[in-house]
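Undergrad: Dropping in input.pdb, which is PDB, C-alpha atoms:
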```pdb
MODEL        1
ATOM      1  CA  MET A 336      36.624 -29.960-101.118
ATOM      2  CA  SER A 337      34.974 -26.711-102.213
ATOM      3  CA  ILE A 338      31.526 -28.206-101.575
ATOM      4  CA  GLU A 339      32.606 -29.079 -98.033
ATOM      5  CA  ILE A 340      33.699 -25.489 -97.334
ATOM      6  CA  LEU A 341      30.454 -24.165 -98.832
ATOM      7  CA  VAL A 342      28.382 -26.419 -96.552
ATOM      8  CA  TYR A 343      30.280 -25.250 -93.463
ATOM      9  CA  ILE A 344      29.903 -21.573 -94.437
ATOM     10  CA  LEU A 345      26.157 -22.087 -95.018
ATOM     11  CA  GLY A 346      25.844 -23.790 -91.631
ATOM     12  CA  GLY A 347      27.638 -20.957 -89.870
ATOM     13  CA  LEU A 348      25.515 -18.320 -91.593
ATOM     14  CA  THR A 349      22.312 -20.187 -90.676
ATOM     15  CA  VAL A 350      23.275 -20.464 -87.010
ATOM     16  CA  GLY A 351      24.298 -16.793 -86.897
ATOM     17  CA  SER A 352      21.061 -15.662 -88.505
ATOM     18  CA  ALA A 353      19.036 -17.858 -86.126
ATOM     19  CA  LEU A 354      20.894 -16.322 -83.179
ATOM     20  CA  MET A 355      19.988 -12.845 -84.436
ATOM     21  CA  VAL A 356      16.290 -13.854 -84.377
ATOM     22  CA  VAL A 357      16.557 -14.425 -80.638
ATOM     23  CA  LEU A 358      18.907 -11.536 -79.885
ATOM     24  CA  SER A 359      17.377  -8.647 -81.839
ATOM     25  CA  LYS A 360      15.272  -6.326 -79.746
ATOM     26  CA  HIS A 361      12.896  -5.135 -82.429
ATOM     27  CA  PRO A 362      10.182  -7.693 -83.415
ATOM     28  CA  ILE A 363      10.178  -6.696 -87.116
ATOM     29  CA  ARG A 364      13.938  -7.240 -87.237
ATOM     30  CA  SER A 365      13.434 -10.697 -85.702
ATOM     31  CA  VAL A 366      10.962 -11.574 -88.461
ATOM     32  CA  MET A 367      13.398 -10.405 -91.147
ATOM     33  CA  TYR A 368      16.218 -12.506 -89.678
ATOM     34  CA  LEU A 369      13.876 -15.508 -89.493
ATOM     35  CA  ILE A 370      13.044 -15.090 -93.199
ATOM     36  CA  LEU A 371      16.800 -14.997 -93.899
ATOM     37  CA  THR A 372      17.217 -18.154 -91.786
ATOM     38  CA  PHE A 373      14.557 -19.951 -93.817
ATOM     39  CA  PHE A 374      16.245 -18.961 -97.083
ATOM     40  CA  LEU A 375      19.568 -20.257 -95.751
ATOM     41  CA  ILE A 376      17.928 -23.526 -94.660
ATOM     42  CA  SER A 377      16.540 -23.798 -98.212
ATOM     43  CA  ALA A 378      20.104 -23.409 -99.487
ATOM     44  CA  ASN A 379      21.103 -26.262 -97.165
ATOM     45  CA  TYR A 380      18.326 -28.396 -98.675
ATOM     46  CA  ILE A 381      19.672 -27.707-102.172
ATOM     47  CA  MET A 382      23.132 -28.794-101.011
ATOM     48  CA  LEU A 383      21.508 -32.026 -99.769
ATOM     49  CA  ASN A 384      19.938 -32.725-103.200
ATOM     50  CA  ALA A 385      16.403 -32.019-101.959
ATOM     51  CA  GLN A 386      15.416 -29.491-104.591
ATOM     52  CA  PHE A 387      11.630 -29.717-104.307
ATOM     53  CA  VAL A 388      11.665 -29.459-100.507
ATOM     54  CA  ALA A 389      13.887 -26.386-100.855
ATOM     55  CA  ILE A 390      11.400 -24.647-103.160
ATOM     56  CA  VAL A 391       8.410 -25.606-100.993
ATOM     57  CA  ASN A 392      10.264 -24.433 -97.875
ATOM     58  CA  MET A 393      10.909 -21.085 -99.548
ATOM     59  CA  MET A 394       7.288 -20.690-100.666
ATOM     60  CA  VAL A 395       5.504 -21.966 -97.566
ATOM     61  CA  TYR A 396       7.774 -20.705 -94.786
ATOM     62  CA  ALA A 397       9.413 -17.577 -96.174
ATOM     63  CA  GLY A 398       6.471 -16.794 -98.429
ATOM     64  CA  ALA A 399       3.296 -17.628 -96.549
ATOM     65  CA  ILE A 400       3.926 -18.195 -92.842
ATOM     66  CA  MET A 401       6.388 -15.340 -92.348
ATOM     67  CA  VAL A 402       4.165 -12.894 -94.260
ATOM     68  CA  LEU A 403       1.381 -13.893 -91.864
ATOM     69  CA  PHE A 404       3.650 -13.160 -88.885
ATOM     70  CA  LEU A 405       4.752  -9.838 -90.375
ATOM     71  CA  PHE A 406       1.143  -8.915 -91.100
ATOM     72  CA  VAL A 407       0.061  -9.604 -87.517
ATOM     73  CA  LEU A 408       3.062  -7.706 -86.105
ATOM     74  CA  MET A 409       2.249  -4.664 -88.216
ATOM     75  CA  LEU A 410      -1.467  -4.961 -87.413
ATOM     76  CA  LEU A 411      -0.733  -4.879 -83.683
ATOM     77  CA  ASN A 412       1.605  -1.915 -84.263
ATOM     78  CA  LEU A 413       4.212  -2.891 -81.678
ATOM     79  CA  SER A 414       7.107  -0.550 -81.098
ATOM     80  CA  LYS A 415      10.441  -0.945 -79.359
ATOM     81  CA  GLU A 416       9.117   0.890 -76.288
ATOM     82  CA  ASN A 417       6.268  -1.455 -75.399
ATOM     83  CA  GLU A 418       8.248  -4.597 -76.233
ATOM     84  CA  PRO A 419       7.924  -6.776 -73.118
ATOM     85  CA  LYS A 420      11.274  -7.474 -71.480
ATOM     86  CA  SER A 421      12.215 -10.404 -69.294
ATOM     87  CA  SER A 422      14.246  -9.909 -66.127
ATOM     88  CA  LEU A 423      17.987 -10.528 -65.922
ATOM     89  CA  LEU A 424      17.419 -13.529 -63.655
ATOM     90  CA  VAL A 425      15.185 -15.196 -66.258
ATOM     91  CA  LYS A 426      17.754 -14.473 -68.982
ATOM     92  CA  ILE A 427      20.626 -16.004 -66.991
ATOM     93  CA  ALA A 428      18.528 -19.010 -65.970
ATOM     94  CA  SER A 429      17.383 -19.698 -69.535
ATOM     95  CA  ALA A 430      20.911 -19.262 -70.905
ATOM     96  CA  LEU A 431      22.098 -21.841 -68.361
ATOM     97  CA  ALA A 432      19.224 -24.186 -69.206
ATOM     98  CA  GLY A 433      19.781 -23.824 -72.957
ATOM     99  CA  GLY A 434      23.524 -24.306 -72.575
ATOM    100  CA  SER A 435      23.041 -27.480 -70.551
ATOM    101  CA  LEU A 436      20.520 -28.783 -73.096
ATOM    102  CA  LEU A 437      23.057 -28.174 -75.877
ATOM    103  CA  LEU A 438      25.812 -29.814 -73.813
ATOM    104  CA  VAL A 439      23.742 -32.928 -73.094
ATOM    105  CA  LEU A 440      22.530 -33.312 -76.681
ATOM    106  CA  VAL A 441      25.979 -32.778 -78.221
ATOM    107  CA  ALA A 442      27.568 -35.177 -75.722
ATOM    108  CA  ALA A 443      24.952 -37.785 -76.588
ATOM    109  CA  ILE A 444      25.354 -37.289 -80.342
ATOM    110  CA  LYS A 445      29.168 -37.210 -80.300
ATOM    111  CA  ASP A 446      29.522 -40.875 -79.401
ATOM    112  CA  THR A 447      26.652 -42.281 -81.448
ATOM    113  CA  VAL A 448      27.474 -44.672 -84.223
ATOM    114  CA  VAL A 449      25.468 -43.834 -87.319
ATOM    115  CA  LEU A 450      24.463 -46.716 -89.547
ATOM    116  CA  GLN A 451      26.670 -46.909 -92.590
ATOM    117  CA  VAL A 452      24.934 -46.999 -95.920
ATOM    118  CA  ALA A 453      25.123 -50.461 -97.450
ATOM    119  CA  GLU A 454      25.863 -49.219-100.952
ATOM    120  CA  LYS A 455      26.511 -45.623-101.863
ATOM    121  CA  VAL A 456      23.378 -44.418-103.586
ATOM    122  CA  THR A 457      23.886 -41.452-105.846
ATOM    123  CA  ASP A 458      20.308 -40.953-106.879
ATOM    124  CA  ASN A 459      20.099 -37.332-107.910
ATOM    125  CA  ALA A 460      16.430 -37.622-108.847
ATOM    126  CA  SER A 461      15.206 -38.708-105.394
ATOM    127  CA  GLY A 462      14.472 -35.125-104.332
ATOM    128  CA  LEU A 463      12.619 -34.118-107.474
ATOM    129  CA  VAL A 464       8.869 -33.626-107.655
ATOM    130  CA  GLN A 465       8.201 -36.715-109.776
ATOM    131  CA  ASN A 466       9.629 -39.134-107.238
ATOM    132  CA  LEU A 467       8.176 -37.293-104.214
ATOM    133  CA  GLY A 468       4.722 -37.007-105.766
ATOM    134  CA  HIS A 469       4.684 -40.704-106.595
ATOM    135  CA  LEU A 470       5.633 -41.588-103.020
ATOM    136  CA  LEU A 471       3.124 -39.122-101.539
ATOM    137  CA  PHE A 472       0.176 -40.513-103.513
ATOM    138  CA  THR A 473       0.984 -44.208-103.081
ATOM    139  CA  LYS A 474       2.734 -45.065 -99.810
ATOM    140  CA  TYR A 475       1.716 -41.978 -97.831
ATOM    141  CA  VAL A 476      -1.740 -41.318 -99.261
ATOM    142  CA  LEU A 477      -3.565 -41.866 -95.938
ATOM    143  CA  PRO A 478      -1.531 -39.304 -93.913
ATOM    144  CA  PHE A 479      -1.898 -36.936 -96.862
ATOM    145  CA  GLU A 480      -5.683 -37.158 -96.721
ATOM    146  CA  VAL A 481      -5.756 -36.914 -92.919
ATOM    147  CA  SER A 482      -3.693 -33.714 -93.077
ATOM    148  CA  SER A 483      -6.553 -32.095 -95.025
ATOM    149  CA  ILE A 484      -8.822 -32.694 -92.009
ATOM    150  CA  LEU A 485      -6.224 -30.935 -89.857
ATOM    151  CA  PHE A 486      -6.296 -27.987 -92.252
ATOM    152  CA  ILE A 487     -10.094 -27.776 -92.139
ATOM    153  CA  ALA A 488      -9.950 -27.757 -88.331
ATOM    154  CA  ALA A 489      -7.280 -25.040 -88.404
ATOM    155  CA  ILE A 490      -9.278 -22.864 -90.824
ATOM    156  CA  VAL A 491     -12.485 -23.182 -88.788
ATOM    157  CA  GLY A 492     -10.599 -22.526 -85.553
ATOM    158  CA  ALA A 493      -8.804 -19.465 -86.913
ATOM    159  CA  VAL A 494     -11.985 -17.893 -88.274
ATOM    160  CA  LEU A 495     -13.899 -18.614 -85.082
ATOM    161  CA  LEU A 496     -11.152 -17.208 -82.845
ATOM    162  CA  ALA A 497     -10.479 -14.092 -84.881
ATOM    163  CA  LYS A 498     -14.144 -13.059 -84.978
ATOM    164  CA  ARG A 499     -15.349 -10.692 -82.285
ATOM    165  CA  GLU A 500     -17.332 -12.323 -79.500
ATOM    166  CA  SER A 501     -20.508 -10.383 -80.186
ATOM    167  CA  GLN A 502     -20.515 -11.698 -83.745
ATOM    168  CA  ILE A 503     -20.302 -15.281 -82.526
ATOM    169  CA  ILE A 504     -23.221 -14.927 -80.110
ATOM    170  CA  GLU A 505     -25.543 -13.505 -82.755
TER     171      GLU A 505
ATOM    172  CA  MET B 715      22.537 -33.055-113.231
ATOM    173  CA  ILE B 716      25.606 -34.944-112.084
ATOM    174  CA  LEU B 717      25.941 -33.490-108.618
ATOM    175  CA  ALA B 718      28.006 -35.251-106.013
ATOM    176  CA  THR B 719      26.185 -35.396-102.690
ATOM    177  CA  VAL B 720      27.680 -33.453 -99.816
ATOM    178  CA  PHE B 721      28.383 -36.697 -97.998
ATOM    179  CA  GLU B 722      30.655 -37.897-100.790
ATOM    180  CA  SER B 723      32.632 -34.680-100.617
ATOM    181  CA  GLY B 724      33.627 -35.299 -97.009
ATOM    182  CA  VAL B 725      30.862 -33.765 -94.874
ATOM    183  CA  SER B 726      29.881 -36.223 -92.155
ATOM    184  CA  ILE B 727      26.328 -36.827 -90.955
ATOM    185  CA  GLN B 728      27.548 -35.812 -87.479
ATOM    186  CA  PHE B 729      27.915 -32.253 -88.783
ATOM    187  CA  TYR B 730      24.205 -32.128 -89.613
ATOM    188  CA  LEU B 731      23.311 -33.718 -86.251
ATOM    189  CA  ILE B 732      25.240 -31.008 -84.372
ATOM    190  CA  PHE B 733      23.971 -28.279 -86.712
ATOM    191  CA  ALA B 734      20.313 -29.234 -86.202
ATOM    192  CA  THR B 735      20.874 -29.528 -82.440
ATOM    193  CA  VAL B 736      22.339 -26.013 -82.300
ATOM    194  CA  LEU B 737      19.387 -24.619 -84.291
ATOM    195  CA  PHE B 738      16.949 -26.428 -81.995
ATOM    196  CA  VAL B 739      18.657 -25.097 -78.861
ATOM    197  CA  ILE B 740      18.612 -21.543 -80.253
ATOM    198  CA  GLY B 741      14.860 -21.934 -80.787
ATOM    199  CA  ALA B 742      14.390 -23.288 -77.258
ATOM    200  CA  LEU B 743      16.492 -20.436 -75.885
ATOM    201  CA  GLY B 744      14.239 -17.956 -77.663
ATOM    202  CA  VAL B 745      11.131 -19.559 -76.174
ATOM    203  CA  MET B 746      12.674 -19.279 -72.713
ATOM    204  CA  THR B 747      14.053 -15.721 -72.895
ATOM    205  CA  ARG B 748      11.612 -13.716 -74.998
ATOM    206  CA  ARG B 749       8.316 -12.479 -73.588
ATOM    207  CA  ASN B 750       6.728 -11.303 -76.828
ATOM    208  CA  SER B 751       4.333 -14.130 -77.691
ATOM    209  CA  ILE B 752       4.692 -13.607 -81.463
ATOM    210  CA  ILE B 753       8.469 -14.104 -81.186
ATOM    211  CA  LEU B 754       7.711 -17.231 -79.141
ATOM    212  CA  LEU B 755       5.705 -18.675 -82.044
ATOM    213  CA  MET B 756       8.564 -17.785 -84.415
ATOM    214  CA  CYS B 757      11.041 -19.641 -82.221
ATOM    215  CA  ILE B 758       8.774 -22.701 -82.347
ATOM    216  CA  GLU B 759       8.948 -22.475 -86.160
ATOM    217  CA  LEU B 760      12.741 -22.398 -85.850
ATOM    218  CA  MET B 761      12.700 -25.594 -83.763
ATOM    219  CA  LEU B 762      10.430 -27.308 -86.293
ATOM    220  CA  ASN B 763      12.859 -26.292 -89.038
ATOM    221  CA  ALA B 764      15.755 -27.853 -87.144
ATOM    222  CA  ALA B 765      13.831 -31.144 -87.148
ATOM    223  CA  ASN B 766      13.093 -30.708 -90.871
ATOM    224  CA  LEU B 767      16.763 -30.154 -91.629
ATOM    225  CA  LEU B 768      17.732 -33.384 -89.880
ATOM    226  CA  LEU B 769      15.011 -35.330 -91.725
ATOM    227  CA  VAL B 770      16.268 -34.039 -95.082
ATOM    228  CA  ALA B 771      19.896 -34.736 -94.127
ATOM    229  CA  PHE B 772      19.168 -38.378 -93.255
ATOM    230  CA  SER B 773      16.938 -38.746 -96.316
ATOM    231  CA  SER B 774      19.856 -37.621 -98.447
ATOM    232  CA  TYR B 775      22.318 -39.770 -96.478
ATOM    233  CA  PHE B 776      20.372 -42.990 -97.044
ATOM    234  CA  GLY B 777      19.261 -42.055-100.569
ATOM    235  CA  LYS B 778      15.577 -42.547 -99.738
ATOM    236  CA  ALA B 779      12.933 -39.880-100.269
ATOM    237  CA  ASP B 780      10.648 -40.946 -97.385
ATOM    238  CA  GLY B 781      12.168 -38.405 -94.995
ATOM    239  CA  GLN B 782      11.332 -35.585 -97.369
ATOM    240  CA  ILE B 783       7.646 -36.621 -97.351
ATOM    241  CA  PHE B 784       7.631 -36.214 -93.575
ATOM    242  CA  VAL B 785       8.999 -32.686 -94.042
ATOM    243  CA  PHE B 786       5.804 -31.854 -95.947
ATOM    244  CA  PHE B 787       3.672 -33.154 -93.082
ATOM    245  CA  ILE B 788       5.663 -31.086 -90.590
ATOM    246  CA  MET B 789       5.110 -28.033 -92.802
ATOM    247  CA  VAL B 790       1.350 -28.755 -92.773
ATOM    248  CA  VAL B 791       1.361 -28.914 -88.972
ATOM    249  CA  ALA B 792       3.485 -25.750 -88.748
ATOM    250  CA  ALA B 793       1.126 -23.812 -91.014
ATOM    251  CA  ALA B 794      -1.942 -24.930 -89.039
ATOM    252  CA  GLU B 795      -0.202 -24.105 -85.756
ATOM    253  CA  ALA B 796       0.824 -20.636 -86.951
ATOM    254  CA  THR B 797      -2.682 -19.672 -88.099
ATOM    255  CA  VAL B 798      -4.436 -20.841 -84.936
ATOM    256  CA  GLY B 799      -1.703 -19.463 -82.652
ATOM    257  CA  LEU B 800      -1.723 -16.059 -84.310
ATOM    258  CA  SER B 801      -5.519 -15.795 -84.163
ATOM    259  CA  ILE B 802      -5.405 -16.641 -80.434
ATOM    260  CA  LEU B 803      -2.779 -13.913 -79.975
ATOM    261  CA  VAL B 804      -4.839 -11.342 -81.898
ATOM    262  CA  MET B 805      -7.822 -12.154 -79.697
ATOM    263  CA  ALA B 806      -5.715 -11.892 -76.526
ATOM    264  CA  TYR B 807      -4.331  -8.556 -77.738
ATOM    265  CA  ARG B 808      -7.849  -7.233 -78.246
ATOM    266  CA  ASN B 809      -8.721  -8.013 -74.641
ATOM    267  CA  ALA B 810      -5.479  -7.102 -72.878
ATOM    268  CA  ARG B 811      -3.767  -4.636 -75.297
ATOM    269  CA  THR B 812      -0.413  -6.391 -74.925
ATOM    270  CA  VAL B 813       1.439  -9.358 -76.436
ATOM    271  CA  ASP B 814       3.309 -10.200 -73.215
ATOM    272  CA  VAL B 815       3.030 -13.929 -72.484
ATOM    273  CA  GLY B 816       2.335 -12.997 -68.857
ATOM    274  CA  ILE B 817      -1.280 -12.145 -69.739
ATOM    275  CA  PHE B 818      -2.023 -15.852 -69.925
ATOM    276  CA  ASN B 819      -1.437 -16.004 -66.165
ATOM    277  CA  LYS B 820      -4.890 -14.432 -65.879
ATOM    278  CA  LEU B 821      -6.342 -17.743 -67.057
ATOM    279  CA  LYS B 822      -5.687 -19.088 -63.545
ATOM    280  CA  GLY B 823      -8.728 -17.073 -62.465
TER     281      GLY B 823
ENDMDL
END
```
Could you write out this structure as structure tokens?
TA:
Amino acid sequence: MSIEILVYILGGLTVGSALMVVLSKHPIRSVMYLILTFFLISANYIMLNAQFVAIVNMMVYAGAIMVLFLFVLMLLNLSKENEPKSSLLVKIASALAGGSLLLVLVAAIKDTVVLQVAEKVTDNASGLVQNLGHLLFTKYVLPFEVSSILFIAAIVGAVLLAKRESQIIE
Amino acid sequence: MILATVFESGVSIQFYLIFATVLFVIGALGVMTRRNSIILLMCIELMLNAANLLLVAFSSYFGKADGQIFVFFIMVVAAAEATVGLSILVMAYRNARTVDVGIFNKLKG
């Protein structure tokens, strides 16, 4: 019973923090709320017995990706004054579109019948690094290797794009 | 390490379906309303995280770890997307001195 309440509180906090990302005017504040959202999602992962994913989520998202975002925001030195604003019409239209998307998705999900689990599996070790590592290097070894090619492409692309044009021509 | 899963304590999988949907819609709403292109990229990360949450929830529901492997691949794609997207934005800022998404209208020529 107490676990159930904890899960609902965590869900509410996550949704509220995600809303603040969209609603806050200042970009730095948005980044901070997004970091909070990622930490709360990590807490949700721990509640779901996915301990290793929770740690990786904390390190990769809150640690690496969000620091990159924060670094770029501070590099560009944006202030509240030159924050681009969208018109009221766009805001109303997108609120309507988002609301209808939510309505359609929730209405579709509400009546779905989810497959029942054949036997209740209480495998607490399934989210630990030993099990995940074994799976990653046996069943999913090909996608794992292919993802390294994606990373190489991303690194080359980022370096090429961030260089000044005169440096590329020379 | 004898933890009861959340599903045994009465939380239904429908809760996670609705929860992930709400997170996804908030991300989509951010993409539609905000004009700062860095915030746009952040909202895309939020939508990817909603998908991750659902993968982990179903992985835990069925007691199989395969869903959690896919979360790693999504994280790989998200990291690659963030680096390339941010470097494109830095380059666009150098040329136009703004992060408004409207500057990409100039690409029409």
Undergrad: If you count all atoms listed in the file, which residues fall within 12 Å of Val356 in chain A, apart from same-chain ones fewer than 4 positions away, as a count of residues only?
TA: 36
Undergrad: To one decimal in Å, tell me the separation between CA of Ala794 in chain B and CA of Ser482 in chain A.
TA: 9.8 Å
Undergrad: So what does the PyMOL selection byres ((chain B and resi 730) around 9) actually pick up in this one, as a PyMOL selection string?
TA: (chain A and resi 346) or (chain B and resi 725-729+731-735+767-768+771-772)
Undergrad: Those residues with C-alpha atoms, as a PDB file, in the frame of the given file please?
TA:
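Output (again_8.pdb):
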```
ATOM      1  CA  GLY A 346      25.844 -23.790 -91.631  1.00  0.00           C
TER       2      GLY A 346
ATOM      3  CA  VAL B 725      30.862 -33.765 -94.874  1.00  0.00           C
ATOM      4  CA  SER B 726      29.881 -36.223 -92.155  1.00  0.00           C
ATOM      5  CA  ILE B 727      26.328 -36.827 -90.955  1.00  0.00           C
ATOM      6  CA  GLN B 728      27.548 -35.812 -87.479  1.00  0.00           C
ATOM      7  CA  PHE B 729      27.915 -32.253 -88.783  1.00  0.00           C
ATOM      8  CA  LEU B 731      23.311 -33.718 -86.251  1.00  0.00           C
ATOM      9  CA  ILE B 732      25.240 -31.008 -84.372  1.00  0.00           C
ATOM     10  CA  PHE B 733      23.971 -28.279 -86.712  1.00  0.00           C
ATOM     11  CA  ALA B 734      20.313 -29.234 -86.202  1.00  0.00           C
ATOM     12  CA  THR B 735      20.874 -29.528 -82.440  1.00  0.00           C
ATOM     13  CA  LEU B 767      16.763 -30.154 -91.629  1.00  0.00           C
ATOM     14  CA  LEU B 768      17.732 -33.384 -89.880  1.00  0.00           C
ATOM     15  CA  ALA B 771      19.896 -34.736 -94.127  1.00  0.00           C
ATOM     16  CA  PHE B 772      19.168 -38.378 -93.255  1.00  0.00           C
TER      17      PHE B 772
END
```
Undergrad: Here is a test: counting all atoms listed in the file, which residue of A:Ile427, A:Val439, A:Leu341, A:Ile490 is nearest to Val720 in chain B?
TA: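 Checking each candidate against Val720 in chain B, we get A:Leu341 as the closest.
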Undergrad: What is the distance, in Å and to one decimal place, between CA of Val804 in chain B and CA of Asn750 in chain B?
TA: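 Interatomic distance here is 12.6 Å.
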Undergrad: Between B:Leu769, B:Leu762, B:Ile817, B:Ala793, which is the closest to chain A once you count all atoms listed in the file?
TA: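 For chain A, the nearest of the candidates is B:Ala793.
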Undergrad: Which one is closest to Ser801 in chain B: A:Val407, A:Leu436, A:Val449, A:Met382? Count all atoms listed in the file.
TA: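 Using all atoms listed in the file, the shortest distance to Ser801 in chain B belongs to A:Val407.
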Undergrad: Contacts of Phe721 in chain B at 9 Å or less, counting all atoms listed in the file, minus same-chain residues fewer than 2 places along, as number ranges by chain?
TA: A: 339, 383; B: 718-719, 723-727, 774-775
Undergrad: Every residue with an atom at most 12 Å from (-4.3, -6.5, -78.6) (file coordinates; all atoms listed in the file) is what I'm after, so could you write them as a list in words?
TA: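 I get Val407, Leu408, Met409, Leu410, Leu411, Asn412, Leu413 and Ala497 of chain A; Ser751, Ile752, Leu800, Ser801, Ile802, Leu803, Val804, Met805, Ala806, Tyr807, Arg808, Asn809, Ala810, Arg811, Thr812, Val813, Asp814 and Ile817 of chain B for the residues within 12 Å of that point.
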Undergrad: Quick one: everything within 10 Å of range 779-785 of chain B, counting only C-alpha atoms, minus sequence neighbours fewer than 4 positions away in the same chain. Send it as a VMD selection string.
TA: (chain A and resid 385 387 to 388 391 to 392 458 460 to 463 466 to 468 470 to 471 474 to 475 478 to 479) or (chain B and resid 762 to 763 765 to 774 789 to 791)
